[in-house]
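Only one structure is covered here, and it is reproduced in the block below.
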Amino acid sequence: MENMWQHEEETMSLDELRQFQLERLQSTLNRVSENVDFYKNKFKQCNIDITKIKSLDDIKYLPFTTKQDLRDNYPYGMFAVPLKDIVRIHSSSGTTGKPTVVGYTRRDLETWKNLVARIMVAGGVSANDIVHIAFSYGLFTGGFGLHYGAEHIGASVIPVSSGNTKRQIMIMQDYRSSVLVCTPSYALHIAETMQNEGISRNDIYLKYALLGSEPWGEKIRAEIESRLGVTATDNYGLSEIIGPGVSGECLYKNGLHINEDHFYAEIINPDTGEVLPEGEKGELVLTTLTKEAMPLIRYRTRDITRLFRDKCPCGRTFIKMEKPSGRTDDMLIINGVNVFPSQVEEVFKEFDQATPHYMIFIKKKGHLDLMEIQLEISENLFFDEMKKQRALLEKMNERMFNVLGIKPKIKFVEPKTIERFEGKAKRVIDERQF
Amino acid sequence: MRKLNLSFIIFNLITLFFISRYIENEYYLSLIIYIIFNAINASCFNILLGYAGIISLGQAAFFGLGAYTSGILSATYGINPYATIIIGIIITAIVAFIIGYPSLKLHGHYLAMATLGFGMIVYICFNEMDFITAGPSGLTGIPNISFFGIEIGSEYKFFIFLSVFYMIFITLMEFFDKSFISYKLRFIHESENASSSYGINVAKVKLTTFVVIACVTSINGSLFAFYSNFISPVSFSFKYSIELVVMAVFGGLGSITGGSIGAAILTFIPEVFAEIEDYEMVIYGGILAITILFFDGGIAKQFKRLVEKYVKIK
Amino acid sequence: MLRLNNVSVNFGGVKALTDVTFDVPAHKITALIGPNGAGKTTLFNSITGFIPHFTGEIHFHNVKLNGKLPHEIFHIGISRTFQNLNLINELTLRENMFLGVIGKEKPPIFKSFFRLNKGYWKNVEQRIDDMLYLTGIKKWENSKPGSVPYGVLKNLEMARALISNPKILLLDEPAAGLNSKEKENLAELIGMLNTKGHTILMVEHDMSFVSTLSDYVVCLNFGKLIARGTFDEIRNSPDVIKAYLGDEDA
Amino acid sequence: MQFFYSGITSGSIYALVAIGFNIIYNTTGIINFAQGEFVMLGGMFIYSMLYMMNIPFVLAFPVALFGAFVLGVIFERVFIRYVKVKSELNLITITIAGSIILRGLAMVIWGRDTLLVESFVPSKAINVYKGTITTDSLVVIGISLVISFLLTFFFKKTKYGKAFRACYEDKIAASVCGINVKAVVMFSFGIAAFLGAIAGVVVSPITYVTYSDGIMTGLKGFSAAVMGGLGSFWGGIFGGILLGVSESFFASVFPSGYKDAMAFLIILFILFFRPQGLFGRKKATRV
Amino acid sequence: MKMLKVKSLFVNYGAVEALKNISLHIKEKEFVALIGSNGAGKTSLLNAIMGIVKPKDGEVIFNDKNITGFPPERKVKEKIALVLEGRRVFANMTVLENIEVGAFTSDNKNFIKRLKFIYDIFPVLKERSWQPAGMLSGGEQQMLAIARALISEPKLLLMDEPSMGLAPLVIKDVYEKLLILKETGLTIFLVEQNAAAALKYADRGYVLENGKIVLQGKSKELLEDNEIKRAYLGKEYKEKWER
């Protein structure tokens, strides 16, 4: 049997789980409708009697909560408890408007700790590990979230925070960090820095990497795993919901187990809001079931994924989500065609010669949109003969057209010319004026 | 203040008018006279049970007290009938007060049993005190009553006389039903605690009602004595009290129409279908049971519902 | 205004109330709280004459209430409501309003019976109208109790108690059985009455209701007065918390 | 002393009826106005079987009782269980309705005449201390005693008897102990009818039977029950004996016609001044 | 495996909604407490589970069997027992008779064995077995009420306010007996006003407020939760900002 943090919960039967979810959903609804003016008014507006929510299916009658709602109720409007019960506050960056504020009660922190511990244990971490957290600490939930989870397991935590990659590598070597926690792009960056410094993967002691907070693909995983000598697992979370700890991969690496006893997940059609059956792709919508400070009902994550329940060999019975394959709000409309940057990445994954580093530029040319993709290709190919390059380009163009429905202009660039990101990668630059 | 609803009074008036015009058969007239006596008694019981919630199973006794007082005084001592009615009222009032004062503190089963016991005692006294009541064989020689010099002797004359009394009674009932007094009684029925904390002196109101109703029943009894010229204890037995219960419950408790309707139907049926006489009791019991089990509120209410339904559909 | 002095009640050897002493100040809302079996209803019943055998004294405006009967106490100016509604189902809401008038004013029987005092009853109707408007149930006036929402009936009960113009209003769990919206409405109504100068003493379980309304709170437990003060004071009193949430050392 | 013996005889009948009242009252809170009719029916049954069907007494007696039991159960099923609004007034009225129906049926079936039942044992007067007592009376007293002891045994020693007592004390608590309260209510009507029928059978050679006997017997049984305190088993027995004795004492002093009035005067006085019965204690009001 | 599941239960008394959408569950061998202040609907819930009142809507599932409409006596046969609020022992019957009535549905064969088991846990009942139950003290009556429920060999024991009207030391005594019973494999669900006592002994808790469940969780978590105090004593804040 796989090592689990909360074995009883993580392996509960579907029937039992549904009961838990229903109970917690109902009590959450009872609380928010009483204590959160936003929900009180919203339910009244939508003419919803929460006592009519008698089964989990009935959740479809409830209205969504969006990021905009959070911004509109800045700062504490979404809280269900008074500030004196709040023991921690996190917040999003607020680059696109007012930031969103998230509060935690003592009990929320307790819950969070356990949820993170669950996904860390699932990703291979144990009390014997030395966990190197290279997430930035601060308002961002990643650092503290994983920090307390790891501590809770009993691991030794090194709160390195982000930046100064060389020093990070030194710490990894000297302190014998066995688990790396950061974003996938930063993991790659570390790998590259190591290569530049001439440090091989055998010089460090990493066994596991828990990577998250941005979309990444199998290709990146393979690269990280081989270059750092780790088993890399993905984990998913968003600060509005709780931070990291919403879902995470087990060592079988086929989908992220959602901590269903604390979050109810649905997939909806992002355009119509209609709930899609299990297995279909759409926008992930999450409802917190146990959060006290800031419960959210049907929060639209804007992440595109698919839910599936299989018999995971790890023994966990929770439903799984695929790695998010894009965000509804990342969606680009190029000459009327919906394009997700993730689709671009999907195509590149098919080609061995492509590196995970690319950049999408969108420009106006006359009245037409022009999508240009710059892609770093491996060094040897870049200096190879033009003919081979051209053939590759043609193949890629054809695939792109098949997948996206448009023909972007693909441009190969020299290795290491594209900017590297320590936080979330920003791969789209839209230069159009609307 | 609610508006008076005169339709039932008018209906009664028209019915009585037509009866006076077209029915000459003495048998039918006497039947109608019995119906009116029963209607008044049942309505009185209805006020007690239907409005005030006082279950009185001794109403026959008050009826008998009036009848025997008038009968004895007029037949044996030759006192003016009207004077005997008044003496009857006084005696009844005193008896009702003596019985009502302690027993109205009781409720439900206890009250039913107490009033029943009282009825039985009075009945036994009628039977046994043969030195004044002439015992079970009955009191004879009761004179007719006269009205402004006219002796009310024939069935027809008495019918007219009783109709006047009945119309006065029914009109007063309507006034009562729409007055605050009926509200007061209903309130006491609903909850004695609540009504007392709204300033109503519950004991006083209940006792007054009980005594007044006993007096009306007593007048009715006196008239009964002058009508039949002969009274015997059987007419005032426990059985008669129960018949009044059946009439009121079947007709509809808590409405002014209930007593009259119940009395009309339940007096009429056994008389007309003489062959079922043996089954009379079974039928009475059956009707009572069916009313309680299936028609909460009696046929008056059923009828009203039916009308309302019909009107609504229209 | 209403003053209880060492009130104790014994039920066959069980002490239901022990030396309860407090004042109900005029023109304020006082709430009586306490866990189950604390003696709140017993206290109400003692004040309103349903429990005549209490010891100690209850004074209302210097009138001693000991030994008075419920209807006498009502005539002194103390009006109360009950947990159950006590409405007459066959009568409309408007007609039920009369019940608040007839006990208080003792309308002349003969004149009223034969409808000779129309002016008086017109005046009563007018007052009923005002009260129906005030409590916001005018539109239901011709409905019968069985066909209107529970909250309306609660308001009706308030209206019925108010129409007798009591000097003090005793409410027994006014919010019990109401949904949150109806509670809000009722709280608004009671608040308005208070601003109009009514004195109110209420037994209530719903603390949010108590907290929004009451000027003073009196807390009973096991028949004893354990705390009195403003809601915030009461809420933070360790005795009250212990009475409600229990003792962790148990 | 003579009035004492005849008083005990009628008193034991009242006691049986009173116990019937109490059993029903305890399980349902109903005063069954039809209780007296079961006494009458007991007499009628035994008369029919002895003289119309020529069934020997040893067989007829249990059959009559069983018949009454079934009738009691049916009575509950038909009249009591389906009363929608179980207000006290409705329950009073429905049992009154039931009693009229039973009486009316008895009249239709057996007629208005008084039916004679011969003694079950050779009739003989036995001289005892300062008076005589007939064998019929001895049968009445004997059977009443036996029944009292059997009932005591049933209530004290058997599982079902204890279930009955549990229902008397607290129906909800009894139901959570796994007792089907509805069935107990039904059977209590059966047992009450059974007891009434016993009284009816044993008294039939003494008083004979008429369809209208029920009211009087019923009322006196009720008086006995109230005297002893409604609901109390031994109270019913004491009340019955006390009523019987005082009644026959009264009859020896006043004209015998007033004998029945005496019983009702006693009811009135007890109801007015000691509604909890002579032996009962006032129930403490729960806060 | 789940023992008792309650799904979206509604209970009405006339026009008054006593319980609104209650869902909860109790697992085998768990000790679960439902707490709430008076008037919250605790007793209604137990009565609805036991079948003393009929729920308006919702389901009660016991060991995968839908037992929603069953009357109390059938629930006893399904091996659920309820200790009523205020104990409600049969005061005029002896202690032993009370226990015998509790055994109404069960086999006579096991009775002696069960009785011994009960007397071992509650020795005071053995001492008093011939006394009328009405003569016992409050705490002893509570023990008797539990014993009366236990004799039917229930799998699930429901209890309504075991601490009501008892002195703190006695409360402690009662709860410690419950812990002993839990050790023997009994599943216990109780409703309590006394949150502190109940949560101290229970594994898990639910918080009921105005007929709705507003919180649930492990007892330890709940004990420290300010929301509980609010469920009992109302909000202490008007603005979220207040500290």
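In the structure tokens, each chain is lettered A, B, ... as it comes, each chain's residues begin at 1, and ligands are numbered from 1 in order of appearance.
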Which residues are close to D:Gly221, i.e. within 8 Å by only C-alpha atoms, leaving aside same-chain residues fewer than 5 positions away? Reply as a PyMOL selection string.
chain D and resi 13-18+21+36+240
For N, CA, C and O atoms, I'd like the residues from the last selection saved as a short mmCIF file (atom, residue, chain, number, x, y, z; two decimals), in the first residue's frame.
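Result saved to out_14.cif:
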```cif
data_model
loop_
_atom_site.label_atom_id
_atom_site.label_comp_id
_atom_site.auth_asym_id
_atom_site.auth_seq_id
_atom_site.Cartn_x
_atom_site.Cartn_y
_atom_site.Cartn_z
N ILE D 13 -68.38 -5.98 40.37
CA ILE D 13 -68.70 -5.71 38.97
C ILE D 13 -68.17 -4.33 38.57
O ILE D 13 -67.50 -4.17 37.54
N TYR D 14 -68.48 -3.36 39.41
CA TYR D 14 -68.00 -2.00 39.09
C TYR D 14 -66.47 -1.99 38.97
O TYR D 14 -65.91 -1.31 38.11
N ALA D 15 -65.87 -2.78 39.85
CA ALA D 15 -64.41 -2.80 39.82
C ALA D 15 -63.91 -3.31 38.47
O ALA D 15 -62.99 -2.74 37.87
N LEU D 16 -64.52 -4.38 37.98
CA LEU D 16 -64.09 -4.92 36.68
C LEU D 16 -64.27 -3.87 35.58
O LEU D 16 -63.39 -3.69 34.72
N VAL D 17 -65.41 -3.20 35.61
CA VAL D 17 -65.64 -2.18 34.60
C VAL D 17 -64.64 -1.03 34.76
O VAL D 17 -64.08 -0.52 33.78
N ALA D 18 -64.39 -0.66 36.00
CA ALA D 18 -63.46 0.43 36.26
C ALA D 18 -62.07 0.10 35.74
O ALA D 18 -61.39 0.94 35.15
N PHE D 21 -62.03 0.71 32.14
CA PHE D 21 -61.86 2.14 31.88
C PHE D 21 -60.40 2.55 32.01
O PHE D 21 -59.84 3.24 31.17
N GLY D 36 -69.53 0.42 29.13
CA GLY D 36 -70.71 -0.25 29.69
C GLY D 36 -71.36 -1.20 28.69
O GLY D 36 -71.91 -2.24 29.06
N GLY D 240 -64.49 0.56 43.11
CA GLY D 240 -65.64 -0.27 42.79
C GLY D 240 -66.32 -0.79 44.05
O GLY D 240 -67.54 -0.64 44.23
#
```
Counting only C-alpha atoms, collect the residues of chain B whose closest atom lies at most 6 Å from chain D, and write them out as an NGL selection string.
:B and (102 or 108 or 114 or 117 or 121 or 281-282 or 285 or 288-289 or 293)
Using C-alpha atoms, can you write the selected residues to a file as a tab-separated table (two decimals), in the first residue's frame?
```tsv
chain	number	residue	atom	x	y	z
B	102	PRO	CA	-67.70	23.73	40.09
B	108	GLY	CA	-63.01	17.32	28.43
B	114	ALA	CA	-69.96	15.58	35.41
B	117	GLY	CA	-74.00	12.60	35.98
B	121	ILE	CA	-79.56	12.70	38.75
B	281	MET	CA	-80.03	4.21	17.46
B	282	VAL	CA	-77.65	2.47	15.11
B	285	GLY	CA	-74.52	6.36	16.16
B	288	LEU	CA	-72.21	10.57	14.49
B	289	ALA	CA	-69.26	8.31	13.85
B	293	LEU	CA	-64.39	10.33	11.04
```
I need the chain C residues near chain A as an mmCIF file with C-alpha atoms, in the first residue's frame; criterion: at most 12 Å, counting only C-alpha atoms.
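Output below, filename part.cif:
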```cif
data_model
loop_
_atom_site.group_PDB
_atom_site.id
_atom_site.type_symbol
_atom_site.label_atom_id
_atom_site.label_comp_id
_atom_site.auth_asym_id
_atom_site.auth_seq_id
_atom_site.Cartn_x
_atom_site.Cartn_y
_atom_site.Cartn_z
ATOM 1 C CA ASN C 179 -37.170 31.822 8.676
ATOM 2 C CA SER C 180 -34.405 34.348 8.483
ATOM 3 C CA LYS C 181 -36.296 36.792 6.325
ATOM 4 C CA SER C 208 -28.717 37.136 16.577
#
```
Write out as a Markdown table the residues of chain B that have any atom within 7 Å of an atom of chain C, one row each with the nearest atom pair and its distance in Å to one decimal, counting only C-alpha atoms, sorted by chain and then rising number.
```
| residue | atom | partner | partner_atom | distance |
| --- | --- | --- | --- | --- |
| B:Met1 | CA | C:Trp121 | CA | 6.6 |
| B:Phe175 | CA | C:Phe113 | CA | 6.2 |
| B:Phe176 | CA | C:Phe113 | CA | 6.6 |
| B:Ser179 | CA | C:Phe113 | CA | 5.8 |
| B:Phe180 | CA | C:Ile102 | CA | 6.9 |
| B:Tyr183 | CA | C:Leu99 | CA | 6.8 |
| B:Lys184 | CA | C:Leu99 | CA | 7.0 |
| B:Phe187 | CA | C:Ile88 | CA | 6.8 |
| B:Glu190 | CA | C:Asn86 | CA | 6.2 |
| B:Ser191 | CA | C:Asn86 | CA | 6.2 |
| B:Ala194 | CA | C:Asn86 | CA | 6.7 |
| B:Ser196 | CA | C:His71 | CA | 4.9 |
| B:Ser197 | CA | C:Pro70 | CA | 5.2 |
| B:Tyr198 | CA | C:Gly103 | CA | 5.7 |
| B:Gly199 | CA | C:His71 | CA | 3.9 |
| B:Ile200 | CA | C:Gly103 | CA | 4.7 |
| B:Asn201 | CA | C:His71 | CA | 6.0 |
```
Would you kindly report the residues of chain D within 12 Å of chain E, using only C-alpha atoms, as number ranges by chain?
D: 155-183, 232, 286
When you get a sec, could you note down which chain A residues fall within 6 Å of chain E, using only C-alpha atoms, as a PyMOL selection string?
chain A and resi 23+27+30-31+51+54+82-84
Can you check which residues of stretch 33-130 of chain A DSSP gives as helix (DSSP H, G or I) on the backbone and send them as a ChimeraX atom specification?
/A:33-35,37-45,50-52,56-61,67-72,83-85,106-122
Counting only C-alpha atoms, a student should be able to say which residues of chain C come within 9 Å of chain E; what is the right answer, written as a ChimeraX atom specification?
/C:34-37,149-150,176-179,205-211,222,232,235,241-250
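Our summary of the geometry notes that atom CA of B:Ala75 is positioned 10.0 Å from atom CA of B:Asn144.
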For atom CA of C:Met97 and atom CA of B:Ile188, determine how far apart the two atoms are, in Å to one decimal place.
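For atom CA of C:Met97 relative to atom CA of B:Ile188, the distance reads 14.7 Å.
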DSSP on the backbone: which residues in stretch 24-168 of chain B end up as strand (DSSP E)? Give the answer as a count of residues only.
4
Show which residues sit within 9 Å of stretch 319-334 of chain A, as a ChimeraX atom specification. Count only C-alpha atoms, and ignore same-chain residues fewer than 4 positions away.
/A:214-217,234-236,247-249,254-260,265,270,282-284,301-310,338-343,346,362,368-371,406,428,430
